[in-house]
Amino acid sequence: MKMKVATYNLRVDTDYDQEWQWHYRSEAVCSLIDYYDWDVLAIQEARPSQFADLAKLAQYASVTAERDGDGLGEGIGLYYQKRLSSY
C-alpha cells in the first residue's frame, strides 16, 4: 500500500500578519487538505484556534502538542486518516 504523506507549516496566527491572519486563510488551507487527501499529515506552528479549525476535517484523527504546555502557544500536530486506524 502506498501512503500519501505531507508536512505543512500553517504559520502561527499573529496580529502582525494582517491579511494573512489565520481567519483569512483557514478555509483555503482546509480545502487544500481535503483536496490532497493525505494519509498522514504533520502540522507545524499551529495555535489552539488553528487546531480547532483542523478538527473539522472529519476524515482525520489527530495527536497534537503545544510547545509550552499552557494551551495558548504554538504547537505541532500529526493528522492521520481515521480509516488507517484499523491497520
# chains A, B, ... in the order shown; residues from 1 in each chain; ligands from 1

call {"tool": "residues_around", "arguments": {"residues": "range 12-26 of chain A", "least_positions_apart": "2", "cutoff": "7 Å", "atoms": "only C-alpha atoms", "output": "ChimeraX atom specification"}}
result
/A:10,28-30,45-47,74

call {"tool": "write_last_selection", "arguments": {"atoms": "N, CA and C atoms", "output": "PDB file, in the first residue's frame"}}
result
ATOM      1  N   LEU A  10       1.647  25.709   8.982  1.00  0.00           N
ATOM      2  CA  LEU A  10       0.466  26.571   8.923  1.00  0.00           C
ATOM      3  C   LEU A  10       0.797  28.047   9.037  1.00  0.00           C
ATOM      4  N   ALA A  28      -9.209  28.106   3.018  1.00  0.00           N
ATOM      5  CA  ALA A  28      -8.359  27.687   1.901  1.00  0.00           C
ATOM      6  C   ALA A  28      -7.440  26.541   2.311  1.00  0.00           C
ATOM      7  N   VAL A  29      -6.880  26.622   3.511  1.00  0.00           N
ATOM      8  CA  VAL A  29      -5.987  25.561   3.986  1.00  0.00           C
ATOM      9  C   VAL A  29      -6.766  24.258   4.172  1.00  0.00           C
ATOM     10  N   CYS A  30      -7.932  24.329   4.786  1.00  0.00           N
ATOM     11  CA  CYS A  30      -8.741  23.118   4.983  1.00  0.00           C
ATOM     12  C   CYS A  30      -9.175  22.533   3.640  1.00  0.00           C
ATOM     13  N   GLU A  45       3.623  24.947  13.700  1.00  0.00           N
ATOM     14  CA  GLU A  45       3.278  26.329  14.026  1.00  0.00           C
ATOM     15  C   GLU A  45       1.773  26.567  14.164  1.00  0.00           C
ATOM     16  N   ALA A  46       1.067  25.655  14.790  1.00  0.00           N
ATOM     17  CA  ALA A  46      -0.380  25.814  14.963  1.00  0.00           C
ATOM     18  C   ALA A  46      -0.703  26.278  16.378  1.00  0.00           C
ATOM     19  N   ARG A  47      -1.646  27.169  16.463  1.00  0.00           N
ATOM     20  CA  ARG A  47      -2.179  27.615  17.751  1.00  0.00           C
ATOM     21  C   ARG A  47      -3.495  26.892  18.019  1.00  0.00           C
ATOM     22  N   GLU A  74       2.044  28.022  20.297  1.00  0.00           N
ATOM     23  CA  GLU A  74       2.057  27.221  19.084  1.00  0.00           C
ATOM     24  C   GLU A  74       2.485  25.797  19.379  1.00  0.00           C
TER      25      GLU A  74
END

call {"tool": "select_by_dssp", "arguments": {"residues": "chain A", "states": "alpha helix (DSSP H)", "output": "list in words"}}
result
Trp22, His23, Tyr24, Arg25, Ser26, Glu27, Ala28, Val29, Cys30, Ser31, Leu32, Ile33, Asp34, Tyr35, Tyr36, Pro48, Ser49, Gln50, Phe51, Ala52, Asp53 and Leu54 of chain A

call {"tool": "residues_around", "arguments": {"residues": "Ala65 in chain A", "least_positions_apart": "2", "cutoff": "7 Å", "atoms": "only C-alpha atoms", "output": "list in words"}}
result
Arg67, Gly75, Ile76 and Gly77 of chain A

call {"tool": "residues_around", "arguments": {"residues": "Ser62 in chain A", "least_positions_apart": "6", "cutoff": "7 Å", "atoms": "only C-alpha atoms", "output": "JSON, numbers by chain"}}
result
{"A": [77, 78, 79, 80]}

call {"tool": "select_by_dssp", "arguments": {"residues": "chain A", "states": "strand (DSSP E)", "output": "number ranges by chain"}}
result
A: 5-9, 40-46, 60-66, 75-81

call {"tool": "write_last_selection", "arguments": {"atoms": "C-alpha atoms", "output": "PDB file, in the first residue's frame"}}
result
ATOM      1  CA  VAL A   5       2.414  11.762   3.479  1.00  0.00           C
ATOM      2  CA  ALA A   6       2.915  15.514   3.797  1.00  0.00           C
ATOM      3  CA  THR A   7       4.164  18.165   6.168  1.00  0.00           C
ATOM      4  CA  TYR A   8       2.568  21.600   6.305  1.00  0.00           C
ATOM      5  CA  ASN A   9       3.702  24.722   8.132  1.00  0.00           C
ATOM      6  CA  VAL A  40      -0.699  11.271   7.132  1.00  0.00           C
ATOM      7  CA  LEU A  41      -0.117  14.982   7.621  1.00  0.00           C
ATOM      8  CA  ALA A  42       2.286  16.695  10.027  1.00  0.00           C
ATOM      9  CA  ILE A  43       1.436  20.280  11.007  1.00  0.00           C
ATOM     10  CA  GLN A  44       3.797  22.886  12.448  1.00  0.00           C
ATOM     11  CA  GLU A  45       3.278  26.329  14.026  1.00  0.00           C
ATOM     12  CA  ALA A  46      -0.380  25.814  14.963  1.00  0.00           C
ATOM     13  CA  TYR A  60      -8.745  12.790  10.220  1.00  0.00           C
ATOM     14  CA  ALA A  61      -7.864  11.789  13.739  1.00  0.00           C
ATOM     15  CA  SER A  62      -5.025  13.700  15.363  1.00  0.00           C
ATOM     16  CA  VAL A  63      -2.414  13.861  18.050  1.00  0.00           C
ATOM     17  CA  THR A  64      -1.320  17.396  18.922  1.00  0.00           C
ATOM     18  CA  ALA A  65       1.073  19.005  21.376  1.00  0.00           C
ATOM     19  CA  GLU A  66       1.559  22.613  22.344  1.00  0.00           C
ATOM     20  CA  GLY A  75       2.481  23.519  18.647  1.00  0.00           C
ATOM     21  CA  ILE A  76       2.607  20.592  16.297  1.00  0.00           C
ATOM     22  CA  GLY A  77       0.114  18.040  15.144  1.00  0.00           C
ATOM     23  CA  LEU A  78       0.038  14.678  13.460  1.00  0.00           C
ATOM     24  CA  TYR A  79      -3.132  14.005  11.468  1.00  0.00           C
ATOM     25  CA  TYR A  80      -3.963  10.636  10.005  1.00  0.00           C
ATOM     26  CA  GLN A  81      -6.908   9.214   8.101  1.00  0.00           C
TER      27      GLN A  81
END

call {"tool": "atom_distance", "arguments": {"atom1": "CA of Met3 in chain A", "atom2": "CA of Phe51 in chain A"}}
result
23.2 Å

call {"tool": "decode", "arguments": {"residues": "range 23-49 of chain A", "atoms": "N, CA and C atoms", "output": "CSV table (one decimal), in the first residue's frame"}}
result
chain,number,residue,atom,x,y,z
A,23,HIS,N,-7.7,33.5,10.2
A,23,HIS,CA,-9.1,33.6,9.8
A,23,HIS,C,-9.3,33.9,8.4
A,24,TYR,N,-8.4,34.5,7.7
A,24,TYR,CA,-8.4,34.7,6.3
A,24,TYR,C,-8.0,33.5,5.5
A,25,ARG,N,-7.2,32.7,6.1
A,25,ARG,CA,-6.6,31.5,5.3
A,25,ARG,C,-7.2,30.2,5.7
A,26,SER,N,-8.0,30.1,6.8
A,26,SER,CA,-8.4,28.8,7.3
A,26,SER,C,-9.2,28.0,6.3
A,27,GLU,N,-10.1,28.6,5.6
A,27,GLU,CA,-11.0,27.8,4.7
A,27,GLU,C,-10.1,27.3,3.5
A,28,ALA,N,-9.2,28.1,3.0
A,28,ALA,CA,-8.4,27.7,1.9
A,28,ALA,C,-7.4,26.5,2.3
A,29,VAL,N,-6.9,26.6,3.5
A,29,VAL,CA,-6.0,25.6,4.0
A,29,VAL,C,-6.8,24.3,4.2
A,30,CYS,N,-7.9,24.3,4.8
A,30,CYS,CA,-8.7,23.1,5.0
A,30,CYS,C,-9.2,22.5,3.6
A,31,SER,N,-9.5,23.4,2.7
A,31,SER,CA,-9.9,22.9,1.3
A,31,SER,C,-8.7,22.2,0.7
A,32,LEU,N,-7.5,22.8,0.9
A,32,LEU,CA,-6.3,22.2,0.3
A,32,LEU,C,-6.0,20.8,0.9
A,33,ILE,N,-6.2,20.7,2.2
A,33,ILE,CA,-6.0,19.4,2.9
A,33,ILE,C,-7.1,18.4,2.4
A,34,ASP,N,-8.3,18.8,2.2
A,34,ASP,CA,-9.3,17.9,1.7
A,34,ASP,C,-9.0,17.5,0.3
A,35,TYR,N,-8.5,18.4,-0.5
A,35,TYR,CA,-8.2,18.1,-1.9
A,35,TYR,C,-7.1,17.0,-2.1
A,36,TYR,N,-6.1,17.2,-1.3
A,36,TYR,CA,-4.9,16.3,-1.4
A,36,TYR,C,-5.2,15.0,-0.7
A,37,ASP,N,-6.1,15.0,0.3
A,37,ASP,CA,-6.5,13.8,1.0
A,37,ASP,C,-5.3,12.9,1.4
A,38,TRP,N,-4.3,13.6,2.1
A,38,TRP,CA,-3.1,12.9,2.5
A,38,TRP,C,-3.5,11.8,3.5
A,39,ASP,N,-2.8,10.7,3.6
A,39,ASP,CA,-3.0,9.7,4.6
A,39,ASP,C,-2.5,10.1,5.9
A,40,VAL,N,-1.3,10.8,5.9
A,40,VAL,CA,-0.7,11.3,7.1
A,40,VAL,C,-0.2,12.7,6.8
A,41,LEU,N,-0.5,13.6,7.8
A,41,LEU,CA,-0.1,15.0,7.6
A,41,LEU,C,0.5,15.5,8.9
A,42,ALA,N,1.7,16.1,8.9
A,42,ALA,CA,2.3,16.7,10.0
A,42,ALA,C,2.1,18.2,9.9
A,43,ILE,N,1.7,18.8,11.0
A,43,ILE,CA,1.4,20.3,11.0
A,43,ILE,C,2.4,20.9,12.0
A,44,GLN,N,2.9,22.1,11.6
A,44,GLN,CA,3.8,22.9,12.4
A,44,GLN,C,3.2,24.3,12.6
A,45,GLU,N,3.6,24.9,13.7
A,45,GLU,CA,3.3,26.3,14.0
A,45,GLU,C,1.8,26.6,14.2
A,46,ALA,N,1.1,25.7,14.8
A,46,ALA,CA,-0.4,25.8,15.0
A,46,ALA,C,-0.7,26.3,16.4
A,47,ARG,N,-1.6,27.2,16.5
A,47,ARG,CA,-2.2,27.6,17.8
A,47,ARG,C,-3.5,26.9,18.0
A,48,PRO,N,-4.0,27.0,19.3
A,48,PRO,CA,-5.2,26.2,19.6
A,48,PRO,C,-6.4,26.5,18.7
A,49,SER,N,-6.6,27.8,18.2
A,49,SER,CA,-7.7,28.1,17.3
A,49,SER,C,-7.5,27.4,16.0
